[in-house]
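Heads up, the thing below is written out as structure tokens.
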Number of protein chains: 2
Amino acid sequence: MLQRRIDDHAPPSRESMREAQEIFFKHLKRVGLKHTDQRDTILRTFLETRDHLSTDELFRLVRKKDAKIGFTTVYRTLKLLAECGLASAVPFPDGMARYEHQFNRRNHHHMVCTECDASVEFFSPEVNKLEEEIGRKYHFDATRHNFQIYGVCEDCRKKSRRAI
Amino acid sequence: MLQRRIDDHAPPSRESMREAQEIFFKHLKRVGLKHTDQRDTILRTFLETRDHLSTDELFRLVRKKDAKIGFTTVYRTLKLLAECGLASAVPFPDGMARYEHQFNRRNHHHMVCTECDASVEFFSPEVNKLEEEIGRKYHFDATRHNFQIYGVCEDCRKKSRRAI
DNA sequence: GGTATAATGAAAATGAATTTCATTTTCATT
DNA sequence: AATGAAAATGAAATTCATTTTCATTATACC
């Protein structure tokens, strides 16, 4: 099931799409891999979504554009995208590996409703500051962080109140 | 592999062990389940560790105390412990389900070394405050959060410097 | 102590993640 | 444009953690 998502982001512009493609293909070049149509289709599909996708969910979307692309290729491409920083894994409570794209996005965090799995993004510069401070304190070279808040959203709260 | 862990906590006192057992057995009573030797052994083993354990890792530790306890029982007991709040799942980058015990522990967060998987705990009241604020802002009834910082620890940094 | 109910644990099932391998495609070099 | 080495692809198989099934055993209420 695709996750419901509540945020205020626009889809990527043609410009930023091109920029992401360039990043990807430079990465491929660097590690001696080849540019293929499949990889291009998968990257474009991924950037067009605004969700936290499992490999299988992305596969289904990709298949709409090109029914001949296999699951395995999506799986491997997603790993490549993560390698070059265009995608990153987000741990969700359902335990399945989920990715979101990191291109042209402000550093953000998630609130997840434990009832309906809706996720809301929020932005908190304080958290970024904390990452830095804590890293210094423990002599870690901090590179990234995860921050998710779990709770029950307004809709689900209303629903369960009605159910009583 | 058991994770290396760096923190400043003492093992649980006899007192707090008894208290946790009481919480557990009251929970069993409440949901109509029975008190068994296996469950007791598993709870004690779990509380004695200071690590983030996968089901399999806990199973191996439990087996040292009672070789007849099966994996399935450990698996199910861990779920029960999570239900009553004595254990909680911690998402780690290796993707395996890991639990840590929550008994008599200050609300804490983790720094994880992406090289050696060592984890360091840290405590940040600011993060708890943030949970509350963000929840209010987005009309979420916030109940808990995850916060992990990833980076490279001092040891690994030294090692990789030597390797050059 | 007897009996109903739940627990146990071995084995099987499930399902996501990963690997294998035969075939096809890419791309640098003719 | 043709060649060929290297890599990509994708279907199928495998791996492996997790979860369920089910026959047997243990618990606890009477």
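Ordering of the structure tokens sets the chain letters (A, B, ...), residue numbers begin anew at 1 in every chain, and ligands are numbered from 1 in the order given.
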Report task. Return as a count of residues only the full set of residues in chain B whose backbone-based DSSP assignment is helix (DSSP H, G or I). Result -> 76
Query raised in the report: Skipping near chain neighbours, those fewer than 2 positions away, what residues fall within 7 Å of segment 1-9 of chain D using only C-alpha atoms (C1' of nucleotides), listed as JSON, numbers by chain?
Result: {"A": [33, 73], "C": [25]}
Query raised in the report: Skipping near chain neighbours, those fewer than 4 positions away, what residues fall within 12 Å of segment 61-68 of chain B using only C-alpha atoms (C1' of nucleotides), listed as a PyMOL selection string?
Result: (chain B and resi 2+37-49+51+53-57+72-75+77-78) or (chain C and resi 8-10)
Expected file contents, prior selection, C-alpha atoms (C1' of nucleotides), as a PDB file, in the first residue's frame:
```pdb
ATOM      1  CA  LEU B   2      26.523  -8.683  18.959  1.00  0.00           C
ATOM      2  CA  ASP B  37       9.495 -20.753  33.442  1.00  0.00           C
ATOM      3  CA  GLN B  38      10.522 -20.070  29.869  1.00  0.00           C
ATOM      4  CA  ARG B  39       9.046 -16.599  29.898  1.00  0.00           C
ATOM      5  CA  ASP B  40      10.768 -15.855  33.158  1.00  0.00           C
ATOM      6  CA  THR B  41      14.134 -17.041  31.880  1.00  0.00           C
ATOM      7  CA  ILE B  42      13.770 -15.030  28.699  1.00  0.00           C
ATOM      8  CA  LEU B  43      12.837 -11.860  30.571  1.00  0.00           C
ATOM      9  CA  ARG B  44      15.787 -12.197  32.945  1.00  0.00           C
ATOM     10  CA  THR B  45      18.218 -12.847  30.136  1.00  0.00           C
ATOM     11  CA  PHE B  46      16.922  -9.870  28.226  1.00  0.00           C
ATOM     12  CA  LEU B  47      17.230  -7.510  31.179  1.00  0.00           C
ATOM     13  CA  GLU B  48      20.773  -8.641  31.891  1.00  0.00           C
ATOM     14  CA  THR B  49      22.060  -7.568  28.514  1.00  0.00           C
ATOM     15  CA  ASP B  51      22.825  -4.524  23.877  1.00  0.00           C
ATOM     16  CA  LEU B  53      19.481  -7.669  20.433  1.00  0.00           C
ATOM     17  CA  SER B  54      17.977  -9.394  17.462  1.00  0.00           C
ATOM     18  CA  THR B  55      15.629 -12.256  18.256  1.00  0.00           C
ATOM     19  CA  ASP B  56      18.302 -14.713  17.263  1.00  0.00           C
ATOM     20  CA  GLU B  57      20.944 -13.117  19.451  1.00  0.00           C
ATOM     21  CA  THR B  72       9.764 -19.568  18.679  1.00  0.00           C
ATOM     22  CA  THR B  73       9.220 -18.982  22.366  1.00  0.00           C
ATOM     23  CA  VAL B  74      11.887 -16.302  22.476  1.00  0.00           C
ATOM     24  CA  TYR B  75      10.328 -14.682  19.452  1.00  0.00           C
ATOM     25  CA  THR B  77       8.076 -13.513  24.390  1.00  0.00           C
ATOM     26  CA  LEU B  78       9.923 -10.602  22.854  1.00  0.00           C
TER      27      LEU B  78
ATOM     28  C1'  DT C   8       5.794 -24.825  23.803  1.00  0.00           C
ATOM     29  C1'  DG C   9       8.894 -25.973  20.131  1.00  0.00           C
ATOM     30  C1'  DA C  10       9.897 -28.432  15.887  1.00  0.00           C
TER      31       DA C  10
END
```
**Report entry** Counting only C-alpha atoms (C1' of nucleotides), chain D residues within 12 Å of chain B, as a VMD selection string
**Finding:** chain D and resid 16 to 20 26 to 29
Taking only residues of chain B that have an atom at most 6 Å from an atom of chain A, what is each one's shortest atom pair and its distance in Å to one decimal, using only C-alpha atoms, in chain and number order, as JSON lines?
```
{"residue": "B:His139", "atom": "CA", "partner": "A:Glu154", "partner_atom": "CA", "distance": 5.8}
{"residue": "B:Phe140", "atom": "CA", "partner": "A:Cys153", "partner_atom": "CA", "distance": 4.6}
{"residue": "B:Asp141", "atom": "CA", "partner": "A:Val152", "partner_atom": "CA", "distance": 5.0}
{"residue": "B:Ala142", "atom": "CA", "partner": "A:Gly151", "partner_atom": "CA", "distance": 4.0}
{"residue": "B:Thr143", "atom": "CA", "partner": "A:Gly151", "partner_atom": "CA", "distance": 5.0}
{"residue": "B:Arg144", "atom": "CA", "partner": "A:Tyr150", "partner_atom": "CA", "distance": 5.3}
{"residue": "B:His145", "atom": "CA", "partner": "A:Ile149", "partner_atom": "CA", "distance": 4.1}
{"residue": "B:Asn146", "atom": "CA", "partner": "A:Gln148", "partner_atom": "CA", "distance": 5.2}
{"residue": "B:Phe147", "atom": "CA", "partner": "A:Phe147", "partner_atom": "CA", "distance": 4.5}
{"residue": "B:Gln148", "atom": "CA", "partner": "A:Asn146", "partner_atom": "CA", "distance": 5.2}
{"residue": "B:Ile149", "atom": "CA", "partner": "A:His145", "partner_atom": "CA", "distance": 4.1}
{"residue": "B:Tyr150", "atom": "CA", "partner": "A:Arg144", "partner_atom": "CA", "distance": 5.3}
{"residue": "B:Gly151", "atom": "CA", "partner": "A:Ala142", "partner_atom": "CA", "distance": 4.0}
{"residue": "B:Val152", "atom": "CA", "partner": "A:Asp141", "partner_atom": "CA", "distance": 5.0}
{"residue": "B:Cys153", "atom": "CA", "partner": "A:Phe140", "partner_atom": "CA", "distance": 4.6}
{"residue": "B:Glu154", "atom": "CA", "partner": "A:His139", "partner_atom": "CA", "distance": 5.8}
```
Tell me, counting only C-alpha atoms (C1' of nucleotides), for each residue of chain C within 12 Å of chain A, which pair of atoms is nearest and how far apart they are in Å to one decimal, in rows ordered by chain and increasing number, as a tab-separated table.
```
residue	atom	partner	partner_atom	distance
C:DG15	C1'	A:Met96	CA	10.8
C:DA16	C1'	A:Met96	CA	7.7
C:DA17	C1'	A:Tyr75	CA	9.1
C:DT18	C1'	A:Thr72	CA	9.2
C:DT19	C1'	A:Thr72	CA	10.3
C:DT20	C1'	A:Thr72	CA	12.0
C:DT25	C1'	A:Thr36	CA	8.4
C:DT26	C1'	A:Lys34	CA	6.8
C:DC27	C1'	A:Lys34	CA	8.5
```
As a JSON list (two decimals) with C-alpha atoms, in the first residue's frame, please: every residue in segment 11-158 of chain B that a backbone DSSP assignment puts in strand (DSSP E).
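Full text of out23.json as output:
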```
[["chain", "number", "residue", "atom", "x", "y", "z"],
["B", 53, "LEU", "CA", 19.48, -7.67, 20.43],
["B", 54, "SER", "CA", 17.98, -9.39, 17.46],
["B", 87, "ALA", "CA", 11.20, -3.84, 25.28],
["B", 88, "SER", "CA", 11.19, -1.62, 22.27],
["B", 89, "ALA", "CA", 12.27, -2.02, 18.69],
["B", 90, "VAL", "CA", 15.22, 0.03, 17.49],
["B", 91, "PRO", "CA", 15.64, 0.42, 13.74],
["B", 97, "ALA", "CA", 14.65, -6.27, 14.02],
["B", 98, "ARG", "CA", 16.49, -5.29, 17.18],
["B", 99, "TYR", "CA", 15.16, -4.73, 20.65],
["B", 100, "GLU", "CA", 16.49, -3.03, 23.70],
["B", 101, "HIS", "CA", 15.02, -3.05, 27.15],
["B", 109, "HIS", "CA", 19.00, 8.05, 21.58],
["B", 110, "HIS", "CA", 21.74, 6.41, 19.58],
["B", 111, "MET", "CA", 24.78, 7.26, 17.58],
["B", 112, "VAL", "CA", 25.73, 4.41, 15.29],
["B", 113, "CYS", "CA", 29.08, 3.97, 13.60],
["B", 119, "SER", "CA", 26.50, 2.26, 19.12],
["B", 120, "VAL", "CA", 26.76, 4.98, 21.70],
["B", 121, "GLU", "CA", 23.84, 6.20, 23.70],
["B", 122, "PHE", "CA", 23.22, 9.80, 24.36],
["B", 141, "ASP", "CA", -0.94, 12.77, 19.60],
["B", 142, "ALA", "CA", 2.78, 12.03, 19.79],
["B", 143, "THR", "CA", 3.69, 8.98, 21.82],
["B", 144, "ARG", "CA", 7.30, 8.19, 21.03],
["B", 145, "HIS", "CA", 10.13, 8.90, 18.65],
["B", 146, "ASN", "CA", 13.29, 7.54, 17.10],
["B", 147, "PHE", "CA", 16.44, 9.49, 16.85],
["B", 148, "GLN", "CA", 19.65, 8.06, 15.54],
["B", 149, "ILE", "CA", 22.73, 9.79, 14.31],
["B", 150, "TYR", "CA", 24.99, 7.96, 11.90],
["B", 151, "GLY", "CA", 28.65, 8.62, 11.46],
["B", 152, "VAL", "CA", 32.14, 7.22, 11.84]]
```
Within 8 Å of Phe24 of chain B, counting only C-alpha atoms (C1' of nucleotides), which residues qualify if same-chain residues fewer than 2 places away don't, as a PDB file with N, CA and C atoms, in the first residue's frame?
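Generated output (part19.pdb):
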```pdb
ATOM      1  N   ALA B  20      10.540  -5.382  37.142  1.00  0.00           N
ATOM      2  CA  ALA B  20      10.224  -5.671  35.738  1.00  0.00           C
ATOM      3  C   ALA B  20       9.421  -6.955  35.626  1.00  0.00           C
ATOM      4  N   GLN B  21       9.819  -7.952  36.408  1.00  0.00           N
ATOM      5  CA  GLN B  21       9.068  -9.214  36.391  1.00  0.00           C
ATOM      6  C   GLN B  21       7.617  -8.984  36.767  1.00  0.00           C
ATOM      7  N   GLU B  22       7.435  -8.123  37.752  1.00  0.00           N
ATOM      8  CA  GLU B  22       6.069  -7.840  38.183  1.00  0.00           C
ATOM      9  C   GLU B  22       5.258  -7.194  37.054  1.00  0.00           C
ATOM     10  N   LYS B  26       2.007  -9.033  35.495  1.00  0.00           N
ATOM     11  CA  LYS B  26       0.719  -8.350  35.543  1.00  0.00           C
ATOM     12  C   LYS B  26       0.142  -8.219  34.143  1.00  0.00           C
ATOM     13  N   HIS B  27       1.046  -7.947  33.197  1.00  0.00           N
ATOM     14  CA  HIS B  27       0.583  -7.834  31.810  1.00  0.00           C
ATOM     15  C   HIS B  27       0.015  -9.172  31.327  1.00  0.00           C
ATOM     16  N   LEU B  28       0.715 -10.253  31.648  1.00  0.00           N
ATOM     17  CA  LEU B  28       0.241 -11.582  31.248  1.00  0.00           C
ATOM     18  C   LEU B  28      -1.150 -11.833  31.825  1.00  0.00           C
ATOM     19  N   LEU B  81       6.962  -8.686  25.529  1.00  0.00           N
ATOM     20  CA  LEU B  81       7.703  -7.664  26.262  1.00  0.00           C
ATOM     21  C   LEU B  81       7.527  -6.296  25.601  1.00  0.00           C
ATOM     22  N   CYS B  84       4.109  -4.754  26.556  1.00  0.00           N
ATOM     23  CA  CYS B  84       3.926  -4.142  27.870  1.00  0.00           C
ATOM     24  C   CYS B  84       4.988  -3.090  28.141  1.00  0.00           C
ATOM     25  N   LEU B  86       8.272  -3.170  28.120  1.00  0.00           N
ATOM     26  CA  LEU B  86       9.581  -3.510  28.684  1.00  0.00           C
ATOM     27  C   LEU B  86      10.660  -3.574  27.609  1.00  0.00           C
TER      28      LEU B  86
END
```
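The space separating atom CA of Met17 of chain A from atom C1' of DG10 of chain D comes to 26.7 Å.
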